[in-house]
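K.L.:
Next comes the structure file start03.cif, holding mmCIF, C-alpha atoms and all ligand atoms.
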data_run
#
loop_
_atom_site.label_atom_id
_atom_site.label_comp_id
_atom_site.auth_asym_id
_atom_site.auth_seq_id
_atom_site.Cartn_x
_atom_site.Cartn_y
_atom_site.Cartn_z
CA MET A 130 0.00 0.00 0.00
CA MET A 131 1.39 3.33 -0.99
CA LYS A 132 1.01 5.92 1.75
CA THR A 133 3.98 8.28 1.86
CA ILE A 134 5.54 9.95 -1.16
CA GLY A 135 8.85 11.82 -1.03
CA ILE A 136 9.63 14.58 -3.51
CA ILE A 137 13.15 15.84 -4.15
CA GLY A 138 13.38 19.32 -5.62
CA ALA A 139 10.85 21.92 -4.47
CA GLY A 140 10.87 23.94 -7.70
CA GLN A 141 7.93 24.42 -10.03
CA MET A 142 7.56 20.70 -10.81
CA GLY A 143 8.23 19.38 -7.30
CA SER A 144 5.64 21.81 -5.91
CA GLY A 145 3.05 20.74 -8.47
CA ILE A 146 3.67 17.05 -7.81
CA ALA A 147 3.39 17.64 -4.04
CA HIS A 148 0.13 19.51 -4.64
CA VAL A 149 -1.56 16.66 -6.53
CA CYS A 150 -0.17 13.92 -4.24
CA ALA A 151 -1.36 15.70 -1.07
CA LEU A 152 -4.82 16.39 -2.53
CA ALA A 153 -5.07 12.71 -3.52
CA GLY A 154 -4.58 11.77 0.14
CA PHE A 155 -0.89 10.82 0.26
CA ASP A 156 1.50 12.02 2.96
CA VAL A 157 4.17 14.10 1.25
CA ARG A 158 7.77 14.69 2.31
CA MET A 159 9.48 17.44 0.28
CA LEU A 160 13.23 17.89 0.21
CA ASP A 161 15.39 20.53 -1.43
CA ALA A 162 19.13 21.25 -1.17
CA ASN A 163 18.22 24.93 -0.93
CA ALA A 164 16.39 25.49 2.38
CA GLU A 165 14.85 28.72 1.07
CA ALA A 166 13.03 26.85 -1.70
CA LEU A 167 10.92 24.92 0.83
CA PRO A 168 8.78 27.69 2.41
CA LYS A 169 8.39 29.19 -1.07
CA ALA A 170 7.09 25.87 -2.37
CA ILE A 171 4.59 25.63 0.51
CA GLN A 172 3.40 29.18 -0.28
CA ASN A 173 2.97 28.34 -3.96
CA ILE A 174 1.10 25.11 -3.24
CA ASP A 175 -1.18 26.93 -0.79
CA ARG A 176 -1.92 29.63 -3.37
CA ASN A 177 -2.53 27.14 -6.17
CA ILE A 178 -4.87 24.92 -4.14
CA GLU A 179 -6.68 28.07 -2.96
CA ARG A 180 -7.27 28.90 -6.62
CA GLN A 181 -8.92 25.49 -7.05
CA VAL A 182 -11.07 26.16 -3.96
CA GLN A 183 -12.20 29.49 -5.45
CA LYS A 184 -13.14 27.72 -8.67
CA GLY A 185 -15.13 25.13 -6.71
CA LYS A 186 -12.84 22.29 -7.83
CA THR A 187 -11.95 21.33 -4.26
CA SER A 188 -13.23 22.29 -0.80
CA ALA A 189 -11.58 24.43 1.88
CA ALA A 190 -11.60 21.38 4.19
CA ASP A 191 -9.81 19.21 1.60
CA LYS A 192 -7.30 22.00 1.08
CA ALA A 193 -6.58 22.24 4.81
CA ALA A 194 -6.19 18.46 5.05
CA ALA A 195 -3.85 18.39 2.04
CA MET A 196 -1.66 21.20 3.38
CA LYS A 197 -1.36 19.34 6.70
CA ARG A 198 -0.10 16.23 4.88
CA ILE A 199 2.95 18.06 3.44
CA ALA A 200 6.17 18.22 5.47
CA THR A 201 9.50 19.68 4.29
CA SER A 202 13.15 19.09 5.17
CA THR A 203 16.69 19.36 3.78
CA ASP A 204 17.65 16.09 5.48
CA TYR A 205 17.45 12.78 3.57
CA ALA A 206 16.62 10.94 6.81
CA SER A 207 13.14 12.51 6.50
CA LEU A 208 12.51 10.25 3.47
CA GLY A 209 13.03 7.03 5.44
CA THR A 210 9.32 6.20 5.66
CA CYS A 211 8.55 6.87 1.98
CA ASP A 212 7.07 4.12 -0.21
CA LEU A 213 8.02 6.12 -3.29
CA VAL A 214 10.36 9.04 -3.89
CA ILE A 215 9.87 11.20 -6.99
CA GLU A 216 13.02 13.05 -7.98
CA ALA A 217 12.30 16.48 -9.52
CA ALA A 218 15.61 18.28 -9.02
CA THR A 219 17.34 20.42 -11.67
CA GLU A 220 17.64 18.81 -15.14
CA ASN A 221 21.33 17.97 -14.85
CA GLU A 222 22.63 14.42 -14.75
CA ALA A 223 25.42 15.16 -12.26
CA VAL A 224 22.91 16.76 -9.88
CA LYS A 225 20.54 13.80 -10.13
CA ARG A 226 23.38 11.28 -9.58
CA GLU A 227 24.41 13.17 -6.45
CA VAL A 228 20.79 13.11 -5.23
CA PHE A 229 20.52 9.32 -5.70
CA LYS A 230 23.83 8.77 -3.89
CA LYS A 231 22.42 10.51 -0.82
CA LEU A 232 18.90 9.15 -1.22
CA CYS A 233 19.50 5.38 -1.52
CA PRO A 234 21.01 4.76 1.94
CA ALA A 235 18.10 6.67 3.55
CA LEU A 236 15.38 4.56 1.89
CA LYS A 237 13.48 1.41 2.88
CA PRO A 238 14.70 -1.49 0.70
CA GLU A 239 11.27 -1.87 -0.95
CA ALA A 240 10.83 1.83 -1.76
CA ILE A 241 10.43 2.79 -5.42
CA ILE A 242 12.34 5.69 -6.99
CA ALA A 243 10.82 7.64 -9.87
CA SER A 244 12.46 10.46 -11.82
CA ASN A 245 10.56 13.36 -13.35
CA THR A 246 13.42 13.99 -15.79
CA SER A 247 12.31 15.52 -19.09
CA SER A 248 14.96 13.81 -21.14
CA ILE A 249 17.75 11.93 -19.35
CA SER A 250 18.03 8.14 -19.86
CA ILE A 251 16.04 6.28 -17.20
CA THR A 252 18.28 3.24 -17.65
CA ARG A 253 21.38 5.33 -16.94
CA LEU A 254 19.83 7.10 -13.92
CA ALA A 255 18.61 3.73 -12.59
CA ALA A 256 22.15 2.37 -12.81
CA ALA A 257 23.25 5.17 -10.46
CA THR A 258 20.97 3.74 -7.73
CA ASP A 259 21.05 0.54 -5.65
CA ARG A 260 17.66 -0.57 -7.12
CA PRO A 261 17.42 -0.38 -10.95
CA ALA A 262 14.45 -2.83 -10.90
CA LYS A 263 12.50 -0.40 -8.69
CA PHE A 264 13.34 2.68 -10.73
CA ILE A 265 11.04 4.27 -13.32
CA GLY A 266 10.48 7.50 -15.25
CA MET A 267 7.37 9.39 -14.15
CA HIS A 268 7.28 12.47 -16.32
CA PHE A 269 4.66 14.97 -15.20
CA MET A 270 3.70 17.95 -17.36
CA ASN A 271 3.77 21.59 -16.30
CA PRO A 272 1.62 22.89 -14.59
CA VAL A 273 1.12 19.56 -12.84
CA PRO A 274 -2.28 20.32 -11.25
CA VAL A 275 -3.72 21.24 -14.66
CA MET A 276 -2.12 18.86 -17.15
CA ALA A 277 -3.72 15.45 -17.58
CA LEU A 278 -0.72 13.44 -18.81
CA VAL A 279 2.04 11.53 -17.07
CA GLU A 280 4.53 9.85 -19.41
CA LEU A 281 5.73 6.56 -17.93
CA ILE A 282 9.16 5.36 -18.99
CA ARG A 283 10.54 1.95 -18.08
CA GLY A 284 14.30 1.58 -17.87
CA ILE A 285 15.77 -1.66 -19.21
CA ALA A 286 15.76 -3.13 -15.67
CA THR A 287 12.39 -1.79 -14.41
CA ASP A 288 10.31 -4.74 -13.14
CA ASP A 289 6.61 -5.33 -13.79
CA PRO A 290 5.36 -4.77 -10.21
CA THR A 291 7.05 -1.34 -10.18
CA PHE A 292 5.48 -0.40 -13.51
CA GLN A 293 2.01 -1.58 -12.36
CA VAL A 294 2.17 0.29 -9.03
CA ILE A 295 3.18 3.52 -10.75
CA LYS A 296 0.53 3.11 -13.43
CA GLU A 297 -2.13 2.71 -10.71
CA LEU A 298 -0.74 5.70 -8.83
CA THR A 299 -1.00 7.82 -12.00
CA VAL A 300 -4.73 7.05 -12.13
CA LYS A 301 -5.16 7.75 -8.38
CA LEU A 302 -3.60 11.17 -8.99
CA GLY A 303 -6.32 11.82 -11.56
CA LYS A 304 -3.94 11.61 -14.52
CA SER A 305 -3.71 9.51 -17.68
CA ALA A 306 -0.57 7.61 -18.62
CA ALA A 307 1.19 7.35 -21.97
CA VAL A 308 3.95 4.76 -22.07
CA ALA A 309 7.19 5.70 -23.80
CA GLU A 310 10.33 3.71 -24.47
CA ASP A 311 13.56 4.93 -22.90
CA PHE A 312 15.01 6.97 -25.77
CA PRO A 313 16.25 10.57 -25.47
CA ALA A 314 13.46 12.96 -24.37
CA PHE A 315 10.79 10.21 -24.68
CA ILE A 316 7.68 11.24 -26.68
CA VAL A 317 6.38 14.66 -25.62
CA ASN A 318 9.69 16.50 -25.53
CA ARG A 319 11.13 14.66 -28.54
CA ILE A 320 8.40 16.35 -30.56
CA LEU A 321 7.78 19.56 -28.59
CA LEU A 322 11.33 20.81 -27.96
CA PRO A 323 12.56 20.71 -31.57
CA MET A 324 9.48 22.80 -32.40
CA ILE A 325 10.39 25.34 -29.70
CA ASN A 326 14.04 25.32 -30.84
CA GLU A 327 12.88 25.96 -34.41
CA ALA A 328 10.77 28.88 -33.15
CA VAL A 329 13.94 30.34 -31.56
CA TYR A 330 15.77 29.89 -34.91
CA THR A 331 12.89 31.68 -36.61
CA LEU A 332 13.43 34.59 -34.20
CA TYR A 333 17.25 34.39 -34.51
CA GLU A 334 17.12 34.53 -38.31
CA GLY A 335 14.64 37.40 -38.24
CA VAL A 336 11.84 35.53 -39.97
CA GLY A 337 9.50 36.97 -37.35
CA ASN A 338 9.56 38.81 -34.04
CA VAL A 339 8.41 37.32 -30.74
CA GLU A 340 4.87 38.52 -31.20
CA SER A 341 4.48 37.37 -34.81
CA ILE A 342 5.94 33.92 -34.10
CA ASP A 343 3.64 33.30 -31.12
CA THR A 344 0.60 34.76 -32.87
CA ALA A 345 1.33 32.64 -35.95
CA MET A 346 1.35 29.40 -34.01
CA LYS A 347 -1.58 30.30 -31.75
CA LEU A 348 -3.92 31.36 -34.53
CA GLY A 349 -2.35 29.38 -37.37
CA ALA A 350 -1.91 26.02 -35.67
CA ASN A 351 -4.46 26.43 -32.88
CA HIS A 352 -1.84 26.05 -30.14
CA PRO A 353 -3.10 27.40 -26.80
CA MET A 354 0.28 29.12 -26.23
CA GLY A 355 2.88 30.35 -28.70
CA PRO A 356 6.18 28.38 -28.74
CA LEU A 357 8.24 31.25 -27.25
CA GLU A 358 5.68 31.87 -24.51
CA LEU A 359 5.77 28.14 -23.83
CA ALA A 360 9.59 28.13 -23.74
CA ASP A 361 9.52 30.88 -21.08
CA PHE A 362 6.97 28.86 -19.16
CA ILE A 363 9.04 25.64 -19.25
CA GLY A 364 12.28 27.50 -18.41
CA LEU A 365 14.92 28.22 -21.06
CA ASP A 366 17.60 26.28 -19.12
CA THR A 367 15.36 23.20 -19.17
CA CYS A 368 14.66 23.70 -22.91
CA LEU A 369 18.39 23.93 -23.64
CA ALA A 370 19.15 20.88 -21.48
CA VAL A 371 16.59 18.82 -23.43
CA MET A 372 18.05 19.94 -26.78
CA HIS A 373 21.52 18.88 -25.59
CA VAL A 374 20.17 15.46 -24.61
CA LEU A 375 18.56 15.06 -28.06
CA TYR A 376 21.67 16.30 -29.89
CA ASP A 377 24.07 14.11 -27.91
CA GLY A 378 21.79 11.11 -27.57
CA LEU A 379 20.65 10.88 -31.20
CA ALA A 380 23.78 12.37 -32.81
CA ASP A 381 21.76 14.19 -35.43
CA SER A 382 22.51 17.83 -36.34
CA LYS A 383 18.79 18.57 -36.70
CA TYR A 384 18.71 18.83 -32.87
CA ARG A 385 21.40 21.57 -32.75
CA PRO A 386 20.38 24.04 -30.00
CA CYS A 387 19.79 27.52 -31.42
CA PRO A 388 22.69 29.87 -30.47
CA LEU A 389 20.13 32.46 -29.36
CA LEU A 390 18.68 30.00 -26.84
CA VAL A 391 22.22 29.35 -25.55
CA LYS A 392 22.84 33.09 -25.23
CA TYR A 393 19.65 33.69 -23.23
CA VAL A 394 20.55 30.91 -20.81
CA GLU A 395 24.10 32.30 -20.46
CA ALA A 396 22.58 35.69 -19.65
CA GLY A 397 20.47 34.11 -16.91
CA TRP A 398 17.31 34.98 -18.85
CA LEU A 399 15.52 31.74 -18.08
CA GLY A 400 11.92 32.77 -18.72
CA ARG A 401 9.13 33.31 -16.21
CA LYS A 402 11.10 32.02 -13.24
CA THR A 403 13.69 34.82 -13.61
CA LYS A 404 11.10 37.34 -14.88
CA ARG A 405 12.82 37.60 -18.26
CA GLY A 406 13.11 35.36 -21.30
CA PHE A 407 11.49 35.97 -24.67
CA TYR A 408 9.11 38.18 -22.70
CA ASP A 409 9.74 40.59 -19.82
CA TYR A 410 7.51 39.64 -16.86
CA SER A 411 8.38 42.53 -14.54
CA SER A 412 5.10 44.34 -15.17
CA GLU A 413 1.52 43.05 -15.12
CA LYS A 414 1.42 42.19 -18.85
CA PRO A 415 4.35 40.26 -20.42
CA VAL A 416 6.23 42.44 -22.94
CA PRO A 417 8.11 40.83 -25.90
CA THR A 418 11.87 41.51 -25.68
CA ARG A 419 12.51 41.26 -29.45
P1 LIG A 501 13.23 24.27 -10.94
O1 LIG A 501 14.47 24.99 -11.29
O2 LIG A 501 11.96 25.03 -10.76
O3 LIG A 501 13.43 23.41 -9.58
C1 LIG A 501 14.52 22.58 -9.34
C2 LIG A 501 14.71 22.47 -7.83
O4 LIG A 501 15.73 21.48 -7.58
C3 LIG A 501 15.18 23.78 -7.17
O5 LIG A 501 14.33 24.10 -6.08
C4 LIG A 501 16.59 23.43 -6.69
O6 LIG A 501 16.94 24.09 -5.47
C5 LIG A 501 16.49 21.92 -6.49
N1 LIG A 501 17.79 21.26 -6.48
C6 LIG A 501 18.87 21.53 -7.24
N2 LIG A 501 19.89 20.70 -6.91
C7 LIG A 501 19.43 19.91 -5.91
C8 LIG A 501 20.02 18.87 -5.15
N3 LIG A 501 21.27 18.49 -5.36
N4 LIG A 501 19.26 18.28 -4.21
C9 LIG A 501 17.98 18.66 -3.99
N5 LIG A 501 17.38 19.64 -4.69
C10 LIG A 501 18.09 20.26 -5.63
O7 LIG A 501 13.06 23.13 -12.07
P2 LIG A 501 11.73 22.37 -12.53
O8 LIG A 501 11.18 23.05 -13.71
O9 LIG A 501 10.87 22.11 -11.34
O10 LIG A 501 12.34 20.99 -13.08
C11 LIG A 501 12.65 19.91 -12.21
C12 LIG A 501 12.69 18.61 -13.01
O11 LIG A 501 11.43 18.41 -13.65
C13 LIG A 501 13.74 18.57 -14.12
O12 LIG A 501 14.25 17.26 -14.24
C14 LIG A 501 12.93 18.92 -15.36
O13 LIG A 501 13.49 18.44 -16.54
C15 LIG A 501 11.64 18.21 -15.03
N6 LIG A 501 10.45 18.71 -15.76
C16 LIG A 501 10.28 20.05 -15.97
C17 LIG A 501 9.17 20.52 -16.66
C18 LIG A 501 8.95 21.99 -16.90
O14 LIG A 501 8.10 22.35 -17.73
N7 LIG A 501 9.65 22.87 -16.22
C19 LIG A 501 8.21 19.59 -17.13
C20 LIG A 501 8.39 18.22 -16.87
C21 LIG A 501 9.52 17.80 -16.19
#
Can you turn what I pasted into structure tokens?
Ligand code: NAD

P.N.:
Amino acid sequence: MMKTIGIIGAGQMGSGIAHVCALAGFDVRMLDANAEALPKAIQNIDRNIERQVQKGKTSAADKAAAMKRIATSTDYASLGTCDLVIEAATENEAVKREVFKKLCPALKPEAIIASNTSSISITRLAAATDRPAKFIGMHFMNPVPVMALVELIRGIATDDPTFQVIKELTVKLGKSAAVAEDFPAFIVNRILLPMINEAVYTLYEGVGNVESIDTAMKLGANHPMGPLELADFIGLDTCLAVMHVLYDGLADSKYRPCPLLVKYVEAGWLGRKTKRGFYDYSSEKPVPTR
């Protein structure tokens, strides 16, 4: 029986995952290397569940109960009672390896580890743990409380019971699963990120400005968000990291990250989370920067 879920990384994804797990009745233990991220995550979760209360999607009593089920810590010992730990730390393989090195000794032997990585090989991450059979990719979409999909990725060693438990959990969280094989960036990002990268090339080459590119794809392809707006929403560092994984993992020049995307990341213009990316978010209405 799954009861307690640990979440590593209290950023935008970790907070969203904690939100849906707590509302679904699970006890949640959140951990971040940066102590300041934890109270911020709690604040964000509180605000986002409150929004659902206002819309009548959940009750004030369920919100209060969910918030009470979430505990935070910077100490891996706090994850000792977890039946499952979902890793949602920064999209960097070295960071994730370091996390697993600290996590494994703190866990119960039967605990499952899932990674929310957008693109890194599940088989390779699993090999960095003491339990490759109990390791799986559980790729939530952003924003987690809103998006219906979880991509499930089995590593080469993932066993059937682990896959079944995580598939059932996906349903309990109110989500639908799509199963992807363990190839670079899986399904969603294999298709989505090259489109975003191409939108950045379109900007870089002057084919259009930020506004015309986003308007073109919203009205011309019926996308709910333009690709540059979406890139800012995902985080430009994450977008670049996924393009690197595709480029390196598939060795095909068609995945070459756009130099303009690289430059924005080098400037620290990472999108919404730093208040500047393809749009400037410092005032009420986002303003295109090009
Ligand atoms: P984020 O930058 O918002 O949050 C990352 C968090 O990880 C930060 O709070 C950071 O302090 C923490 N962290 C960094 N190093 C750590 C360590 N060694 N130990 C513990 N915590 C550490 O990033 P995010 O957008 O939430 O992405 C997290 C993961 O989710 C990544 O693997 C990303 O690819 C994946 N993901 C992101 C999206 C998206 O749209 N942003 C969608 C699906 C999956």

K.L.:
Please define a box with edges along x, y and z of the file around all atoms of range 271-290 of chain A given in the file, extend it by 5 Å on each side, and return its centre and edge lengths in Å to one decimal, as lines of an AutoDock Vina configuration file.

P.N.:
center_x = 6.0
center_y = 8.8
center_z = -14.8
size_x = 29.5
size_y = 38.2
size_z = 19.2

K.L.:
Find the residues of chain A that sit at most 7 Å from ligand LIG 501 (chain A); for each, write down the nearest two atoms and how far apart they are in Å, to one decimal. Count only C-alpha atoms and all ligand atoms. Sort by chain, then by number going up, and give it as a Markdown table.

P.N.:
| residue | atom | partner | partner_atom | distance |
| --- | --- | --- | --- | --- |
| A:Ile137 | CA | A:LIG501 | C9 | 5.6 |
| A:Gly138 | CA | A:LIG501 | O4 | 3.7 |
| A:Ala139 | CA | A:LIG501 | O5 | 4.4 |
| A:Gly140 | CA | A:LIG501 | O3 | 3.2 |
| A:Gln141 | CA | A:LIG501 | O9 | 4.0 |
| A:Met142 | CA | A:LIG501 | O9 | 3.6 |
| A:Gly143 | CA | A:LIG501 | O9 | 5.5 |
| A:Leu160 | CA | A:LIG501 | C9 | 6.4 |
| A:Asp161 | CA | A:LIG501 | N5 | 3.9 |
| A:Ala162 | CA | A:LIG501 | C9 | 4.0 |
| A:Asn163 | CA | A:LIG501 | O6 | 4.8 |
| A:Ala166 | CA | A:LIG501 | O5 | 5.3 |
| A:Ala217 | CA | A:LIG501 | C12 | 4.1 |
| A:Ala218 | CA | A:LIG501 | O4 | 3.5 |
| A:Thr219 | CA | A:LIG501 | C1 | 4.2 |
| A:Glu220 | CA | A:LIG501 | O12 | 3.8 |
| A:Val224 | CA | A:LIG501 | N3 | 5.1 |
| A:Lys225 | CA | A:LIG501 | N3 | 6.7 |
| A:Glu227 | CA | A:LIG501 | N3 | 6.3 |
| A:Val228 | CA | A:LIG501 | N3 | 5.4 |
| A:Asn245 | CA | A:LIG501 | O11 | 5.1 |
| A:Thr246 | CA | A:LIG501 | O12 | 3.7 |
| A:Ser247 | CA | A:LIG501 | O13 | 4.1 |
| A:Ser248 | CA | A:LIG501 | O13 | 6.7 |
| A:His268 | CA | A:LIG501 | C21 | 5.8 |
| A:Phe269 | CA | A:LIG501 | C20 | 5.2 |
| A:Met270 | CA | A:LIG501 | C20 | 4.7 |
| A:Asn271 | CA | A:LIG501 | O14 | 4.6 |
| A:Phe362 | CA | A:LIG501 | O14 | 6.8 |
| A:Ile363 | CA | A:LIG501 | O14 | 3.7 |
| A:Gly364 | CA | A:LIG501 | N7 | 5.8 |
| A:Thr367 | CA | A:LIG501 | O13 | 5.8 |

K.L.:
Give one line per residue of range 188-246 of chain A that approaches range 287-290 of chain A to at most 12 Å, naming the two atoms of the closest pair and their distance in Å to one decimal, counting only C-alpha atoms; sort by chain then ascending residue number and deliver it as a Markdown table.

P.N.:
| residue | atom | partner | partner_atom | distance |
| --- | --- | --- | --- | --- |
| A:Glu239 | CA | A:Pro290 | CA | 11.4 |
| A:Ile241 | CA | A:Thr287 | CA | 10.3 |
| A:Ile242 | CA | A:Thr287 | CA | 10.5 |
| A:Ala243 | CA | A:Thr287 | CA | 10.6 |

K.L.:
Just the residues within 12 Å of Leu213 in chain A, please, counting only C-alpha atoms, with nothing from its chain fewer than 2 positions along; format it as a ChimeraX atom specification.

P.N.:
/A:130-137,150,155-159,208-211,215-216,232-233,236-244,263-265,267,291,294-295,298

K.L.:
Would you write out those residues with C-alpha atoms, as a JSON list (two decimals), in the frame of the given file?

P.N.:
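After the write, out30.json holds the following:
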[["chain", "number", "residue", "atom", "x", "y", "z"],
["A", 130, "MET", "CA", 0.00, 0.00, 0.00],
["A", 131, "MET", "CA", 1.39, 3.33, -0.99],
["A", 132, "LYS", "CA", 1.01, 5.92, 1.75],
["A", 133, "THR", "CA", 3.98, 8.28, 1.86],
["A", 134, "ILE", "CA", 5.54, 9.95, -1.16],
["A", 135, "GLY", "CA", 8.85, 11.82, -1.03],
["A", 136, "ILE", "CA", 9.63, 14.58, -3.51],
["A", 137, "ILE", "CA", 13.15, 15.84, -4.15],
["A", 150, "CYS", "CA", -0.17, 13.92, -4.24],
["A", 155, "PHE", "CA", -0.89, 10.82, 0.26],
["A", 156, "ASP", "CA", 1.50, 12.02, 2.96],
["A", 157, "VAL", "CA", 4.17, 14.10, 1.25],
["A", 158, "ARG", "CA", 7.77, 14.69, 2.31],
["A", 159, "MET", "CA", 9.48, 17.44, 0.28],
["A", 208, "LEU", "CA", 12.51, 10.25, 3.47],
["A", 209, "GLY", "CA", 13.03, 7.03, 5.44],
["A", 210, "THR", "CA", 9.32, 6.20, 5.66],
["A", 211, "CYS", "CA", 8.55, 6.87, 1.98],
["A", 215, "ILE", "CA", 9.87, 11.20, -6.99],
["A", 216, "GLU", "CA", 13.02, 13.05, -7.98],
["A", 232, "LEU", "CA", 18.90, 9.15, -1.22],
["A", 233, "CYS", "CA", 19.50, 5.38, -1.52],
["A", 236, "LEU", "CA", 15.38, 4.56, 1.89],
["A", 237, "LYS", "CA", 13.48, 1.41, 2.88],
["A", 238, "PRO", "CA", 14.70, -1.49, 0.70],
["A", 239, "GLU", "CA", 11.27, -1.87, -0.95],
["A", 240, "ALA", "CA", 10.83, 1.83, -1.76],
["A", 241, "ILE", "CA", 10.43, 2.79, -5.42],
["A", 242, "ILE", "CA", 12.34, 5.69, -6.99],
["A", 243, "ALA", "CA", 10.82, 7.64, -9.87],
["A", 244, "SER", "CA", 12.46, 10.46, -11.82],
["A", 263, "LYS", "CA", 12.50, -0.40, -8.69],
["A", 264, "PHE", "CA", 13.34, 2.68, -10.73],
["A", 265, "ILE", "CA", 11.04, 4.27, -13.32],
["A", 267, "MET", "CA", 7.37, 9.39, -14.15],
["A", 291, "THR", "CA", 7.05, -1.34, -10.18],
["A", 294, "VAL", "CA", 2.17, 0.29, -9.03],
["A", 295, "ILE", "CA", 3.18, 3.52, -10.75],
["A", 298, "LEU", "CA", -0.74, 5.70, -8.83]]

K.L.:
Measuring atom to atom with all atoms listed in the file, identify which of A:Lys186, A:Arg253, A:Arg283, A:Lys347 is nearest to Leu152 in chain A.

P.N.:
A:Lys186

K.L.:
Find the distance between CA of Leu379 in chain A and CA of Asp361 in chain A and write it in Å to one decimal.

P.N.:
25.0 Å

K.L.:
Which residues of range 236-316 of chain A have any atom within 12 Å of an atom in range 168-181 of chain A when counting only C-alpha atoms, and what is the closest pair of atoms for each, with the distance in Å to one decimal? Order the rows by chain and rising number and write it as a tab-separated table.

P.N.:
residue	atom	partner	partner_atom	distance
A:Pro272	CA	A:Asn177	CA	10.3
A:Val273	CA	A:Asn177	CA	10.7
A:Pro274	CA	A:Asn177	CA	8.5
A:Val275	CA	A:Gln181	CA	10.1

K.L.:
Quick check, in Å to one decimal: how far apart do CA of Val391 in chain A and CA of Leu365 in chain A lie?

P.N.:
8.6 Å

K.L.:
Quick check, in Å to one decimal: how far apart do CA of Pro386 in chain A and CA of Phe407 in chain A lie?

P.N.:
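Result for CA of Pro386 in chain A versus CA of Phe407 in chain A: 15.8 Å, one decimal.
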
K.L.:
Rank A:Asn338, A:Ser412, A:Thr403, A:Thr331 by their smallest atom-to-atom distance to Cys387 in chain A, using all atoms listed in the file, and report the top residue only.

P.N.:
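Of A:Asn338, A:Ser412, A:Thr403, A:Thr331, the one nearest Cys387 in chain A, counting all atoms listed in the file, is A:Thr331.
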
K.L.:
Pick from A:Ser207, A:Ala286, A:Leu332, A:Ala189: nearest to Asp311 in chain A, with all atoms listed in the file counted?

P.N.:
A:Ala286

K.L.:
Fewer than 6 positions away in the same chain doesn't count, so skip those; otherwise give me all residues within 10 Å of Glu297 in chain A, counting all atoms listed in the file, as a VMD selection string.

P.N.:
chain A and resid 304 to 306

K.L.:
If we count all atoms listed in the file, what is near Tyr393 in chain A at a cut-off of 8 Å, once residues fewer than 5 positions away on the same chain are taken out, given as a list in words?

P.N.:
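Here the qualifying residues turn out to be Leu365, Trp398, Leu399 and Gly406 of chain A.
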
K.L.:
Since the input is missing atoms for range 390-402 of chain A, could you rebuild it with N, CA and C atoms and give the result as an mmCIF file, in the frame of the given file?

P.N.:
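Full text of selection_25.cif as output:
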data_model
loop_
_atom_site.group_PDB
_atom_site.id
_atom_site.type_symbol
_atom_site.label_atom_id
_atom_site.label_comp_id
_atom_site.auth_asym_id
_atom_site.auth_seq_id
_atom_site.Cartn_x
_atom_site.Cartn_y
_atom_site.Cartn_z
ATOM 1 N N LEU A 390 19.155 30.658 -28.074
ATOM 2 C CA LEU A 390 18.680 30.000 -26.840
ATOM 3 C C LEU A 390 19.855 29.879 -25.861
ATOM 4 N N VAL A 391 21.014 29.480 -26.389
ATOM 5 C CA VAL A 391 22.220 29.350 -25.550
ATOM 6 C C VAL A 391 22.548 30.700 -24.915
ATOM 7 N N LYS A 392 22.480 31.765 -25.724
ATOM 8 C CA LYS A 392 22.840 33.090 -25.230
ATOM 9 C C LYS A 392 21.895 33.542 -24.113
ATOM 10 N N TYR A 393 20.615 33.302 -24.276
ATOM 11 C CA TYR A 393 19.650 33.690 -23.230
ATOM 12 C C TYR A 393 19.951 32.971 -21.925
ATOM 13 N N VAL A 394 20.268 31.688 -22.026
ATOM 14 C CA VAL A 394 20.550 30.910 -20.810
ATOM 15 C C VAL A 394 21.832 31.441 -20.161
ATOM 16 N N GLU A 395 22.843 31.752 -21.005
ATOM 17 C CA GLU A 395 24.100 32.300 -20.460
ATOM 18 C C GLU A 395 23.868 33.633 -19.769
ATOM 19 N N ALA A 396 22.890 34.390 -20.251
ATOM 20 C CA ALA A 396 22.580 35.690 -19.650
ATOM 21 C C ALA A 396 21.783 35.545 -18.357
ATOM 22 N N GLY A 397 21.328 34.313 -18.085
ATOM 23 C CA GLY A 397 20.470 34.110 -16.910
ATOM 24 C C GLY A 397 19.022 34.501 -17.194
ATOM 25 N N TRP A 398 18.696 34.680 -18.472
ATOM 26 C CA TRP A 398 17.310 34.980 -18.850
ATOM 27 C C TRP A 398 16.613 33.646 -19.083
ATOM 28 N N LEU A 399 16.015 33.115 -18.033
ATOM 29 C CA LEU A 399 15.520 31.740 -18.080
ATOM 30 C C LEU A 399 14.018 31.651 -18.268
ATOM 31 N N GLY A 400 13.373 32.798 -18.541
ATOM 32 C CA GLY A 400 11.920 32.770 -18.720
ATOM 33 C C GLY A 400 11.197 33.293 -17.494
ATOM 34 N N ARG A 401 9.977 32.810 -17.303
ATOM 35 C CA ARG A 401 9.130 33.310 -16.210
ATOM 36 C C ARG A 401 9.798 33.273 -14.858
ATOM 37 N N LYS A 402 10.559 32.177 -14.599
ATOM 38 C CA LYS A 402 11.100 32.020 -13.240
ATOM 39 C C LYS A 402 12.137 33.092 -12.902
#
